[in-house]
$ cat upload04.cif   # mmCIF, N, CA and C atoms
data_target
#
loop_
_atom_site.label_atom_id
_atom_site.label_comp_id
_atom_site.auth_asym_id
_atom_site.auth_seq_id
_atom_site.Cartn_x
_atom_site.Cartn_y
_atom_site.Cartn_z
N MET A 1026 -68.05 102.24 -37.72
CA MET A 1026 -67.23 101.19 -38.28
C MET A 1026 -67.66 99.83 -37.74
N ALA A 1027 -67.89 99.73 -36.42
CA ALA A 1027 -68.31 98.46 -35.82
C ALA A 1027 -69.69 98.07 -36.35
N THR A 1028 -70.53 99.05 -36.61
CA THR A 1028 -71.87 98.77 -37.13
C THR A 1028 -71.80 98.14 -38.51
N ILE A 1029 -70.91 98.64 -39.35
CA ILE A 1029 -70.75 98.08 -40.69
C ILE A 1029 -70.27 96.63 -40.59
N ALA A 1030 -69.32 96.37 -39.71
CA ALA A 1030 -68.83 95.00 -39.52
C ALA A 1030 -69.96 94.09 -39.05
N LEU A 1031 -70.78 94.58 -38.14
CA LEU A 1031 -71.92 93.80 -37.66
C LEU A 1031 -72.89 93.49 -38.80
N LEU A 1032 -73.20 94.49 -39.60
CA LEU A 1032 -74.10 94.28 -40.74
C LEU A 1032 -73.54 93.27 -41.73
N GLU A 1033 -72.22 93.36 -41.98
CA GLU A 1033 -71.59 92.41 -42.89
C GLU A 1033 -71.66 90.98 -42.33
N ARG A 1034 -71.42 90.83 -41.05
CA ARG A 1034 -71.49 89.52 -40.41
C ARG A 1034 -72.91 88.96 -40.49
N LEU A 1035 -73.90 89.79 -40.23
CA LEU A 1035 -75.30 89.34 -40.32
C LEU A 1035 -75.66 88.95 -41.75
N ALA A 1036 -75.15 89.70 -42.72
CA ALA A 1036 -75.42 89.39 -44.13
C ALA A 1036 -74.81 88.04 -44.50
N ARG A 1037 -73.59 87.77 -44.04
CA ARG A 1037 -72.95 86.48 -44.33
C ARG A 1037 -73.74 85.32 -43.73
N ARG A 1038 -74.35 85.56 -42.56
CA ARG A 1038 -75.15 84.52 -41.91
C ARG A 1038 -76.54 84.42 -42.52
N GLY A 1039 -76.88 85.39 -43.38
CA GLY A 1039 -78.20 85.38 -44.00
C GLY A 1039 -79.30 85.85 -43.07
N ASP A 1040 -78.94 86.58 -42.04
CA ASP A 1040 -79.91 87.05 -41.05
C ASP A 1040 -80.39 88.45 -41.44
N GLU A 1041 -81.28 88.49 -42.41
CA GLU A 1041 -81.79 89.77 -42.92
C GLU A 1041 -82.60 90.52 -41.88
N ARG A 1042 -83.36 89.78 -41.08
CA ARG A 1042 -84.21 90.43 -40.06
C ARG A 1042 -83.35 91.20 -39.05
N ALA A 1043 -82.30 90.57 -38.56
CA ALA A 1043 -81.42 91.23 -37.60
C ALA A 1043 -80.74 92.43 -38.23
N ALA A 1044 -80.31 92.30 -39.48
CA ALA A 1044 -79.68 93.42 -40.18
C ALA A 1044 -80.65 94.58 -40.32
N ARG A 1045 -81.90 94.26 -40.64
CA ARG A 1045 -82.92 95.31 -40.78
C ARG A 1045 -83.16 96.02 -39.44
N LEU A 1046 -83.15 95.25 -38.34
CA LEU A 1046 -83.33 95.86 -37.02
C LEU A 1046 -82.17 96.80 -36.68
N VAL A 1047 -80.96 96.41 -37.02
CA VAL A 1047 -79.80 97.28 -36.78
C VAL A 1047 -79.95 98.58 -37.57
N ILE A 1048 -80.33 98.46 -38.82
CA ILE A 1048 -80.49 99.65 -39.67
C ILE A 1048 -81.60 100.54 -39.12
N GLU A 1049 -82.73 99.94 -38.70
CA GLU A 1049 -83.82 100.73 -38.14
C GLU A 1049 -83.37 101.47 -36.89
N ARG A 1050 -82.56 100.81 -36.07
CA ARG A 1050 -82.06 101.44 -34.85
C ARG A 1050 -81.17 102.64 -35.17
N ILE A 1051 -80.31 102.47 -36.16
CA ILE A 1051 -79.43 103.57 -36.57
C ILE A 1051 -80.27 104.75 -37.06
N LEU A 1052 -81.26 104.46 -37.89
CA LEU A 1052 -82.12 105.52 -38.42
C LEU A 1052 -82.90 106.19 -37.30
N SER A 1053 -83.38 105.40 -36.33
CA SER A 1053 -84.12 105.96 -35.21
C SER A 1053 -83.25 106.91 -34.40
N ASP A 1054 -82.03 106.47 -34.10
CA ASP A 1054 -81.11 107.32 -33.35
C ASP A 1054 -80.83 108.62 -34.10
N ALA A 1055 -80.63 108.51 -35.40
CA ALA A 1055 -80.35 109.71 -36.21
C ALA A 1055 -81.54 110.65 -36.20
N LEU A 1056 -82.75 110.10 -36.26
CA LEU A 1056 -83.95 110.94 -36.24
C LEU A 1056 -84.10 111.65 -34.90
N VAL A 1057 -83.89 110.93 -33.81
CA VAL A 1057 -83.98 111.56 -32.48
C VAL A 1057 -82.91 112.65 -32.36
N ASP A 1058 -81.70 112.37 -32.83
CA ASP A 1058 -80.64 113.38 -32.78
C ASP A 1058 -81.03 114.64 -33.56
N GLU A 1059 -81.71 114.44 -34.68
CA GLU A 1059 -82.16 115.59 -35.47
C GLU A 1059 -83.13 116.45 -34.67
N TYR A 1060 -84.04 115.83 -33.95
CA TYR A 1060 -84.99 116.59 -33.12
C TYR A 1060 -84.28 117.27 -31.95
N VAL A 1061 -83.30 116.60 -31.36
CA VAL A 1061 -82.54 117.20 -30.25
C VAL A 1061 -81.84 118.46 -30.72
N GLU A 1062 -81.30 118.43 -31.94
CA GLU A 1062 -80.62 119.60 -32.49
C GLU A 1062 -81.55 120.80 -32.62
N ARG A 1063 -82.85 120.57 -32.70
CA ARG A 1063 -83.82 121.67 -32.80
C ARG A 1063 -84.08 122.34 -31.46
N GLY A 1064 -83.53 121.79 -30.39
CA GLY A 1064 -83.68 122.39 -29.08
C GLY A 1064 -84.92 121.90 -28.35
N PRO A 1065 -85.37 122.64 -27.33
CA PRO A 1065 -86.51 122.22 -26.52
C PRO A 1065 -87.77 121.90 -27.33
N ALA A 1066 -88.07 122.68 -28.35
CA ALA A 1066 -89.27 122.41 -29.16
C ALA A 1066 -89.14 121.07 -29.87
N GLY A 1067 -87.97 120.73 -30.37
CA GLY A 1067 -87.76 119.45 -31.03
C GLY A 1067 -87.85 118.28 -30.06
N ILE A 1068 -87.30 118.46 -28.87
CA ILE A 1068 -87.36 117.42 -27.85
C ILE A 1068 -88.80 117.17 -27.43
N ARG A 1069 -89.56 118.25 -27.23
CA ARG A 1069 -90.98 118.10 -26.90
C ARG A 1069 -91.72 117.35 -28.00
N THR A 1070 -91.44 117.70 -29.24
CA THR A 1070 -92.12 117.06 -30.37
C THR A 1070 -91.83 115.57 -30.43
N VAL A 1071 -90.57 115.18 -30.30
CA VAL A 1071 -90.23 113.76 -30.40
C VAL A 1071 -90.80 112.98 -29.21
N CYS A 1072 -90.90 113.59 -28.05
CA CYS A 1072 -91.50 112.91 -26.89
C CYS A 1072 -93.00 112.70 -27.11
N ARG A 1073 -93.66 113.70 -27.64
CA ARG A 1073 -95.10 113.57 -27.89
C ARG A 1073 -95.38 112.53 -28.96
N GLU A 1074 -94.58 112.53 -30.02
CA GLU A 1074 -94.81 111.61 -31.13
C GLU A 1074 -94.52 110.16 -30.75
N ALA A 1075 -93.65 109.94 -29.79
CA ALA A 1075 -93.26 108.58 -29.42
C ALA A 1075 -94.22 107.93 -28.45
N CYS A 1076 -95.20 108.65 -27.96
CA CYS A 1076 -96.09 108.12 -26.93
C CYS A 1076 -96.92 106.94 -27.39
N GLY A 1077 -97.20 106.81 -28.66
CA GLY A 1077 -98.12 105.78 -29.12
C GLY A 1077 -97.56 104.38 -29.20
N SER A 1078 -96.26 104.22 -29.18
CA SER A 1078 -95.66 102.91 -29.41
C SER A 1078 -94.62 102.60 -28.34
N GLU A 1079 -94.68 101.40 -27.79
CA GLU A 1079 -93.72 100.97 -26.78
C GLU A 1079 -92.29 101.02 -27.34
N THR A 1080 -92.11 100.54 -28.55
CA THR A 1080 -90.79 100.53 -29.18
C THR A 1080 -90.29 101.96 -29.37
N ALA A 1081 -91.15 102.83 -29.88
CA ALA A 1081 -90.75 104.23 -30.10
C ALA A 1081 -90.41 104.90 -28.78
N ARG A 1082 -91.21 104.66 -27.74
CA ARG A 1082 -90.90 105.26 -26.42
C ARG A 1082 -89.54 104.81 -25.94
N ASP A 1083 -89.23 103.53 -26.13
CA ASP A 1083 -87.96 103.01 -25.66
C ASP A 1083 -86.79 103.58 -26.43
N VAL A 1084 -86.88 103.61 -27.76
CA VAL A 1084 -85.80 104.15 -28.59
C VAL A 1084 -85.56 105.62 -28.27
N VAL A 1085 -86.63 106.39 -28.21
CA VAL A 1085 -86.49 107.83 -27.94
C VAL A 1085 -85.93 108.05 -26.54
N ALA A 1086 -86.45 107.34 -25.55
CA ALA A 1086 -85.99 107.54 -24.18
C ALA A 1086 -84.51 107.20 -24.03
N ARG A 1087 -84.09 106.08 -24.61
CA ARG A 1087 -82.66 105.71 -24.51
C ARG A 1087 -81.76 106.75 -25.16
N ARG A 1088 -82.20 107.23 -26.31
CA ARG A 1088 -81.36 108.21 -27.03
C ARG A 1088 -81.31 109.54 -26.28
N LEU A 1089 -82.45 110.00 -25.78
CA LEU A 1089 -82.46 111.26 -25.03
C LEU A 1089 -81.63 111.13 -23.76
N ALA A 1090 -81.68 109.97 -23.14
CA ALA A 1090 -80.88 109.74 -21.93
C ALA A 1090 -79.39 109.81 -22.23
N MET A 1091 -79.00 109.34 -23.41
CA MET A 1091 -77.58 109.34 -23.79
C MET A 1091 -77.03 110.74 -24.04
N VAL A 1092 -77.89 111.67 -24.40
CA VAL A 1092 -77.43 113.04 -24.66
C VAL A 1092 -77.97 113.98 -23.59
N LYS A 1093 -77.81 113.56 -22.36
CA LYS A 1093 -78.38 114.24 -21.19
C LYS A 1093 -78.01 115.72 -21.12
N GLU A 1094 -76.77 116.03 -21.43
CA GLU A 1094 -76.34 117.43 -21.29
C GLU A 1094 -77.16 118.37 -22.18
N ARG A 1095 -77.70 117.87 -23.27
CA ARG A 1095 -78.50 118.71 -24.18
C ARG A 1095 -79.99 118.58 -23.95
N THR A 1096 -80.41 117.57 -23.19
CA THR A 1096 -81.85 117.31 -23.06
C THR A 1096 -82.40 117.45 -21.65
N ALA A 1097 -81.55 117.46 -20.65
CA ALA A 1097 -82.00 117.37 -19.26
C ALA A 1097 -83.03 118.43 -18.88
N ALA A 1098 -82.77 119.69 -19.15
CA ALA A 1098 -83.70 120.75 -18.73
C ALA A 1098 -85.09 120.53 -19.32
N THR A 1099 -85.15 120.21 -20.60
CA THR A 1099 -86.45 120.00 -21.26
C THR A 1099 -87.12 118.74 -20.74
N VAL A 1100 -86.37 117.67 -20.54
CA VAL A 1100 -86.94 116.42 -20.06
C VAL A 1100 -87.55 116.62 -18.67
N TYR A 1101 -86.86 117.30 -17.79
CA TYR A 1101 -87.40 117.55 -16.45
C TYR A 1101 -88.69 118.38 -16.53
N ARG A 1102 -88.69 119.40 -17.38
CA ARG A 1102 -89.91 120.22 -17.53
C ARG A 1102 -91.08 119.40 -18.07
N LEU A 1103 -90.82 118.58 -19.08
CA LEU A 1103 -91.87 117.74 -19.65
C LEU A 1103 -92.42 116.74 -18.62
N ALA A 1104 -91.53 116.12 -17.88
CA ALA A 1104 -91.96 115.13 -16.89
C ALA A 1104 -92.81 115.78 -15.80
N ALA A 1105 -92.47 116.98 -15.42
CA ALA A 1105 -93.18 117.67 -14.35
C ALA A 1105 -94.53 118.22 -14.79
N ASP A 1106 -94.78 118.35 -16.08
CA ASP A 1106 -95.99 118.97 -16.60
C ASP A 1106 -97.05 117.92 -16.96
N PRO A 1107 -98.07 117.74 -16.12
CA PRO A 1107 -99.08 116.72 -16.41
C PRO A 1107 -99.98 117.06 -17.60
N SER A 1108 -99.94 118.28 -18.05
CA SER A 1108 -100.80 118.68 -19.17
C SER A 1108 -100.14 118.41 -20.53
N ASP A 1109 -98.89 117.98 -20.52
CA ASP A 1109 -98.15 117.76 -21.75
C ASP A 1109 -98.06 116.27 -22.04
N TYR A 1110 -98.49 115.84 -23.20
CA TYR A 1110 -98.46 114.42 -23.50
C TYR A 1110 -97.07 113.88 -23.78
N GLY A 1111 -96.06 114.71 -23.69
CA GLY A 1111 -94.68 114.23 -23.78
C GLY A 1111 -94.18 113.73 -22.45
N ASP A 1112 -94.99 113.86 -21.40
CA ASP A 1112 -94.54 113.49 -20.06
C ASP A 1112 -94.25 112.00 -19.91
N ARG A 1113 -94.96 111.16 -20.63
CA ARG A 1113 -94.74 109.72 -20.50
C ARG A 1113 -93.33 109.31 -20.95
N VAL A 1114 -92.90 109.84 -22.07
CA VAL A 1114 -91.55 109.53 -22.55
C VAL A 1114 -90.51 110.19 -21.65
N ALA A 1115 -90.78 111.42 -21.23
CA ALA A 1115 -89.83 112.12 -20.35
C ALA A 1115 -89.64 111.36 -19.04
N VAL A 1116 -90.70 110.81 -18.50
CA VAL A 1116 -90.60 110.02 -17.27
C VAL A 1116 -89.74 108.78 -17.52
N ARG A 1117 -89.90 108.16 -18.68
CA ARG A 1117 -89.07 106.99 -19.01
C ARG A 1117 -87.60 107.39 -19.08
N VAL A 1118 -87.30 108.55 -19.64
CA VAL A 1118 -85.91 109.03 -19.72
C VAL A 1118 -85.32 109.16 -18.32
N LEU A 1119 -86.09 109.69 -17.38
CA LEU A 1119 -85.59 109.87 -16.01
C LEU A 1119 -85.16 108.55 -15.39
N GLY A 1120 -85.74 107.46 -15.85
CA GLY A 1120 -85.36 106.14 -15.34
C GLY A 1120 -83.97 105.70 -15.76
N TYR A 1121 -83.32 106.46 -16.59
CA TYR A 1121 -81.93 106.16 -16.99
C TYR A 1121 -80.93 107.07 -16.27
N TRP A 1122 -81.43 108.07 -15.58
CA TRP A 1122 -80.55 109.03 -14.91
C TRP A 1122 -80.59 108.78 -13.40
N ASP A 1123 -79.59 108.15 -12.90
CA ASP A 1123 -79.53 107.82 -11.48
C ASP A 1123 -79.02 109.03 -10.70
N GLU A 1124 -79.96 109.92 -10.39
CA GLU A 1124 -79.61 111.11 -9.63
C GLU A 1124 -80.79 111.47 -8.73
N PRO A 1125 -80.52 112.10 -7.59
CA PRO A 1125 -81.58 112.39 -6.63
C PRO A 1125 -82.76 113.19 -7.20
N ALA A 1126 -82.50 114.17 -8.05
CA ALA A 1126 -83.59 114.96 -8.61
C ALA A 1126 -84.53 114.11 -9.44
N ALA A 1127 -84.00 113.18 -10.20
CA ALA A 1127 -84.82 112.29 -11.02
C ALA A 1127 -85.66 111.37 -10.14
N VAL A 1128 -85.05 110.80 -9.11
CA VAL A 1128 -85.78 109.90 -8.21
C VAL A 1128 -86.90 110.66 -7.49
N GLU A 1129 -86.61 111.86 -7.01
CA GLU A 1129 -87.63 112.65 -6.31
C GLU A 1129 -88.82 112.96 -7.22
N LEU A 1130 -88.54 113.38 -8.45
CA LEU A 1130 -89.62 113.70 -9.37
C LEU A 1130 -90.42 112.44 -9.73
N LEU A 1131 -89.74 111.34 -9.95
CA LEU A 1131 -90.42 110.08 -10.26
C LEU A 1131 -91.32 109.64 -9.10
N MET A 1132 -90.86 109.82 -7.89
CA MET A 1132 -91.68 109.46 -6.71
C MET A 1132 -92.93 110.33 -6.66
N ARG A 1133 -92.78 111.62 -6.88
CA ARG A 1133 -93.95 112.52 -6.86
C ARG A 1133 -94.95 112.12 -7.95
N ILE A 1134 -94.45 111.82 -9.13
CA ILE A 1134 -95.33 111.45 -10.24
C ILE A 1134 -96.04 110.13 -9.94
N ALA A 1135 -95.32 109.14 -9.42
CA ALA A 1135 -95.91 107.83 -9.13
C ALA A 1135 -97.01 107.92 -8.09
N GLU A 1136 -96.90 108.87 -7.18
CA GLU A 1136 -97.87 108.99 -6.09
C GLU A 1136 -98.98 110.00 -6.38
N ASP A 1137 -98.94 110.66 -7.51
CA ASP A 1137 -99.91 111.72 -7.83
C ASP A 1137 -101.16 111.14 -8.48
N PRO A 1138 -102.29 111.11 -7.75
CA PRO A 1138 -103.52 110.54 -8.32
C PRO A 1138 -104.09 111.36 -9.48
N ALA A 1139 -103.63 112.58 -9.63
CA ALA A 1139 -104.12 113.42 -10.74
C ALA A 1139 -103.44 113.07 -12.07
N ARG A 1140 -102.37 112.33 -12.01
CA ARG A 1140 -101.64 111.93 -13.23
C ARG A 1140 -102.37 110.78 -13.93
N ARG A 1141 -102.19 110.73 -15.24
CA ARG A 1141 -102.75 109.60 -15.99
C ARG A 1141 -102.11 108.30 -15.51
N ARG A 1142 -102.88 107.24 -15.51
CA ARG A 1142 -102.42 105.95 -15.00
C ARG A 1142 -101.15 105.47 -15.71
N GLU A 1143 -101.11 105.62 -17.04
CA GLU A 1143 -99.93 105.13 -17.77
C GLU A 1143 -98.67 105.91 -17.42
N VAL A 1144 -98.80 107.18 -17.04
CA VAL A 1144 -97.63 107.98 -16.64
C VAL A 1144 -97.17 107.54 -15.25
N ARG A 1145 -98.11 107.28 -14.35
CA ARG A 1145 -97.73 106.79 -13.02
C ARG A 1145 -97.05 105.42 -13.14
N ASP A 1146 -97.60 104.55 -13.99
CA ASP A 1146 -96.97 103.24 -14.20
C ASP A 1146 -95.57 103.39 -14.78
N GLU A 1147 -95.42 104.32 -15.70
CA GLU A 1147 -94.09 104.57 -16.29
C GLU A 1147 -93.11 105.04 -15.22
N ALA A 1148 -93.59 105.88 -14.29
CA ALA A 1148 -92.73 106.35 -13.20
C ALA A 1148 -92.31 105.19 -12.30
N LEU A 1149 -93.23 104.28 -12.02
CA LEU A 1149 -92.88 103.12 -11.20
C LEU A 1149 -91.86 102.24 -11.91
N GLU A 1150 -92.04 102.03 -13.21
CA GLU A 1150 -91.07 101.24 -13.97
C GLU A 1150 -89.70 101.92 -13.98
N ALA A 1151 -89.70 103.24 -14.10
CA ALA A 1151 -88.43 103.98 -14.10
C ALA A 1151 -87.73 103.83 -12.74
N LEU A 1152 -88.50 103.90 -11.66
CA LEU A 1152 -87.92 103.72 -10.33
C LEU A 1152 -87.35 102.31 -10.18
N CYS A 1153 -88.04 101.33 -10.71
CA CYS A 1153 -87.53 99.95 -10.68
C CYS A 1153 -86.22 99.83 -11.47
N ARG A 1154 -86.18 100.48 -12.63
CA ARG A 1154 -84.97 100.45 -13.46
C ARG A 1154 -83.79 101.03 -12.68
N LEU A 1155 -84.08 102.06 -11.88
CA LEU A 1155 -83.03 102.69 -11.08
C LEU A 1155 -82.74 101.90 -9.81
N GLU A 1156 -83.56 100.87 -9.55
CA GLU A 1156 -83.47 100.08 -8.32
C GLU A 1156 -83.59 100.97 -7.11
N SER A 1157 -84.53 101.92 -7.20
CA SER A 1157 -84.77 102.85 -6.10
C SER A 1157 -85.65 102.18 -5.05
N PRO A 1158 -85.29 102.34 -3.78
CA PRO A 1158 -86.11 101.70 -2.72
C PRO A 1158 -87.50 102.30 -2.62
#
$ encode --input "upload04.cif" --output "C-alpha cells"
Amino acid sequence: MATIALLERLARRGDERAARLVIERILSDALVDEYVERGPAGIRTVCREACGSETARDVVARRLAMVKERTAATVYRLAADPSDYGDRVAVRVLGYWDEPAAVELLMRIAEDPARRREVRDEALEALCRLESP
C-alpha cells in the first residue's frame, strides 16, 4: 500500500526515473523471493547469477539477509565454499547478520590467501558494515 502511494507521489512530481527504480526494486525482490522458495538450489542459483553486477549483488544480498530464517544454512555453506561462485554474494549477505558465527567466517575468508581477491575484499567490506574490530 505504501509503495503504491509512493509511486503515485512520484508520478505527480513527474519523476519517472525514480518511479521506474521503485518498480525495478519490487520486481527484484519478488524474483529473489521466487528463488528462495525453491530452497537451497534456488538460493545457490540466485547467488551465482548475481555475481556479475554490483547492483544485482546488493539487491540479492539485502533480500536474502531479510529472510534469514529460510536462507541462513545455505548462505553459510556458500560463503564457506571457495569453489562455488556464489560465495561472493553469500559473503555480502553475512555482512548484514551481526552474529559471532558470521564475523568468524568473514574473518577467515578475509585472511585466506587461497580465496579470490574479490571475495576477500567483499569479506572486508562486510566486516566494515558490521563495524567489526
$ closest_residue --input "upload04.cif" --among "A:Val1071, A:Val1128, A:Val1092, A:Cys1076" --to "Leu1056 (chain A)" --atoms "all atoms listed in the file"
A:Val1071
$ resolve_selection --input "upload04.cif" --expression "the PyMOL selection byres ((chain A and resi 1148-1158) around 6.5)" --output "VMD selection string"
chain A and resid 1116 to 1117 1119 to 1121 1123 1131 1134 to 1135 1143 to 1147
$ residues_around --input "upload04.cif" --residues "region 1101-1104 of chain A" --least-positions-apart "6" --cutoff "7 Å" --atoms "only C-alpha atoms" --output "mmCIF file with N, CA and C atoms, keeping the file's coordinate frame"
data_model
loop_
_atom_site.group_PDB
_atom_site.id
_atom_site.type_symbol
_atom_site.label_atom_id
_atom_site.label_comp_id
_atom_site.auth_asym_id
_atom_site.auth_seq_id
_atom_site.Cartn_x
_atom_site.Cartn_y
_atom_site.Cartn_z
ATOM 1 N N GLY A 1111 -96.060 114.710 -23.690
ATOM 2 C CA GLY A 1111 -94.680 114.230 -23.780
ATOM 3 C C GLY A 1111 -94.180 113.730 -22.450
ATOM 4 N N ASP A 1112 -94.990 113.860 -21.400
ATOM 5 C CA ASP A 1112 -94.540 113.490 -20.060
ATOM 6 C C ASP A 1112 -94.250 112.000 -19.910
ATOM 7 N N ALA A 1115 -90.780 111.420 -21.230
ATOM 8 C CA ALA A 1115 -89.830 112.120 -20.350
ATOM 9 C C ALA A 1115 -89.640 111.360 -19.040
ATOM 10 N N VAL A 1116 -90.700 110.810 -18.500
ATOM 11 C CA VAL A 1116 -90.600 110.020 -17.270
ATOM 12 C C VAL A 1116 -89.740 108.780 -17.520
#
$ resolve_selection --input "upload04.cif" --expression "the PyMOL selection byres (((chain A and resi 1095 and name CA) around 12) and name CA)" --output "PyMOL selection string"
chain A and resi 1058+1060-1065+1067-1068+1088-1094+1096-1101
$ select_by_dssp --input "upload04.cif" --residues "chain A" --states "alpha helix (DSSP H)" --output "ChimeraX atom specification"
/A:1027-1038,1041-1062,1065-1074,1079-1091,1093-1105,1112-1119,1125-1136,1142-1154
$ atom_distance --input "upload04.cif" --atom1 "CA of Ala1086 (chain A)" --atom2 "CA of Arg1034 (chain A)"
28.3 Å
$ residues_near_point --input "upload04.cif" --point "(-100.0, 117.7, -25.4)" --cutoff "6 Å" --atoms "only N, CA and C atoms" --output "PyMOL selection string"
chain A and resi 1108-1111
$ write_last_selection --input "upload04.cif" --atoms "N, CA and C atoms" --output "PDB file, in the frame of the given file"
ATOM      1  N   SER A1108     -99.940 118.280 -18.050  1.00  0.00           N
ATOM      2  CA  SER A1108    -100.800 118.680 -19.170  1.00  0.00           C
ATOM      3  C   SER A1108    -100.140 118.410 -20.530  1.00  0.00           C
ATOM      4  N   ASP A1109     -98.890 117.980 -20.520  1.00  0.00           N
ATOM      5  CA  ASP A1109     -98.150 117.760 -21.750  1.00  0.00           C
ATOM      6  C   ASP A1109     -98.060 116.270 -22.040  1.00  0.00           C
ATOM      7  N   TYR A1110     -98.490 115.840 -23.200  1.00  0.00           N
ATOM      8  CA  TYR A1110     -98.460 114.420 -23.500  1.00  0.00           C
ATOM      9  C   TYR A1110     -97.070 113.880 -23.780  1.00  0.00           C
ATOM     10  N   GLY A1111     -96.060 114.710 -23.690  1.00  0.00           N
ATOM     11  CA  GLY A1111     -94.680 114.230 -23.780  1.00  0.00           C
ATOM     12  C   GLY A1111     -94.180 113.730 -22.450  1.00  0.00           C
TER      13      GLY A1111
END
$ closest_residue --input "upload04.cif" --among "A:Ala1081, A:Ala1075, A:Ala1139, A:Ala1055" --to "Pro1107 (chain A)" --atoms "only C-alpha atoms"
A:Ala1139
$ atom_distance --input "upload04.cif" --atom1 "CA of Asp1054 (chain A)" --atom2 "CA of Arg1140 (chain A)"
29.1 Å
$ atom_distance --input "upload04.cif" --atom1 "atom N of Val1085 (chain A)" --atom2 "atom N of Cys1072 (chain A)"
8.4 Å
$ decode --input "upload04.cif" --residues "region 1065-1077 of chain A" --atoms "N, CA and C atoms" --output "short mmCIF file (atom, residue, chain, number, x, y, z; two decimals), in the first residue's frame"
data_model
loop_
_atom_site.label_atom_id
_atom_site.label_comp_id
_atom_site.auth_asym_id
_atom_site.auth_seq_id
_atom_site.Cartn_x
_atom_site.Cartn_y
_atom_site.Cartn_z
N PRO A 1065 17.51 -24.51 -1.15
CA PRO A 1065 18.95 -24.31 -1.31
C PRO A 1065 19.43 -24.20 -2.76
N ALA A 1066 18.87 -25.00 -3.65
CA ALA A 1066 19.28 -24.93 -5.06
C ALA A 1066 18.93 -23.57 -5.66
N GLY A 1067 17.78 -23.02 -5.32
CA GLY A 1067 17.38 -21.71 -5.82
C GLY A 1067 18.24 -20.59 -5.25
N ILE A 1068 18.58 -20.70 -3.97
CA ILE A 1068 19.43 -19.70 -3.33
C ILE A 1068 20.82 -19.72 -3.96
N ARG A 1069 21.36 -20.92 -4.19
CA ARG A 1069 22.66 -21.03 -4.86
C ARG A 1069 22.62 -20.40 -6.24
N THR A 1070 21.55 -20.67 -6.98
CA THR A 1070 21.42 -20.13 -8.34
C THR A 1070 21.38 -18.61 -8.33
N VAL A 1071 20.58 -18.02 -7.48
CA VAL A 1071 20.47 -16.55 -7.47
C VAL A 1071 21.78 -15.91 -7.01
N CYS A 1072 22.52 -16.55 -6.12
CA CYS A 1072 23.82 -16.01 -5.69
C CYS A 1072 24.83 -16.06 -6.83
N ARG A 1073 24.83 -17.15 -7.56
CA ARG A 1073 25.77 -17.27 -8.69
C ARG A 1073 25.44 -16.27 -9.79
N GLU A 1074 24.16 -16.11 -10.08
CA GLU A 1074 23.74 -15.22 -11.16
C GLU A 1074 23.98 -13.75 -10.83
N ALA A 1075 23.98 -13.40 -9.56
CA ALA A 1075 24.13 -12.00 -9.17
C ALA A 1075 25.58 -11.55 -9.10
N CYS A 1076 26.51 -12.44 -9.28
CA CYS A 1076 27.93 -12.10 -9.12
C CYS A 1076 28.43 -11.07 -10.12
N GLY A 1077 27.83 -10.97 -11.28
CA GLY A 1077 28.37 -10.11 -12.32
C GLY A 1077 28.10 -8.62 -12.16
#
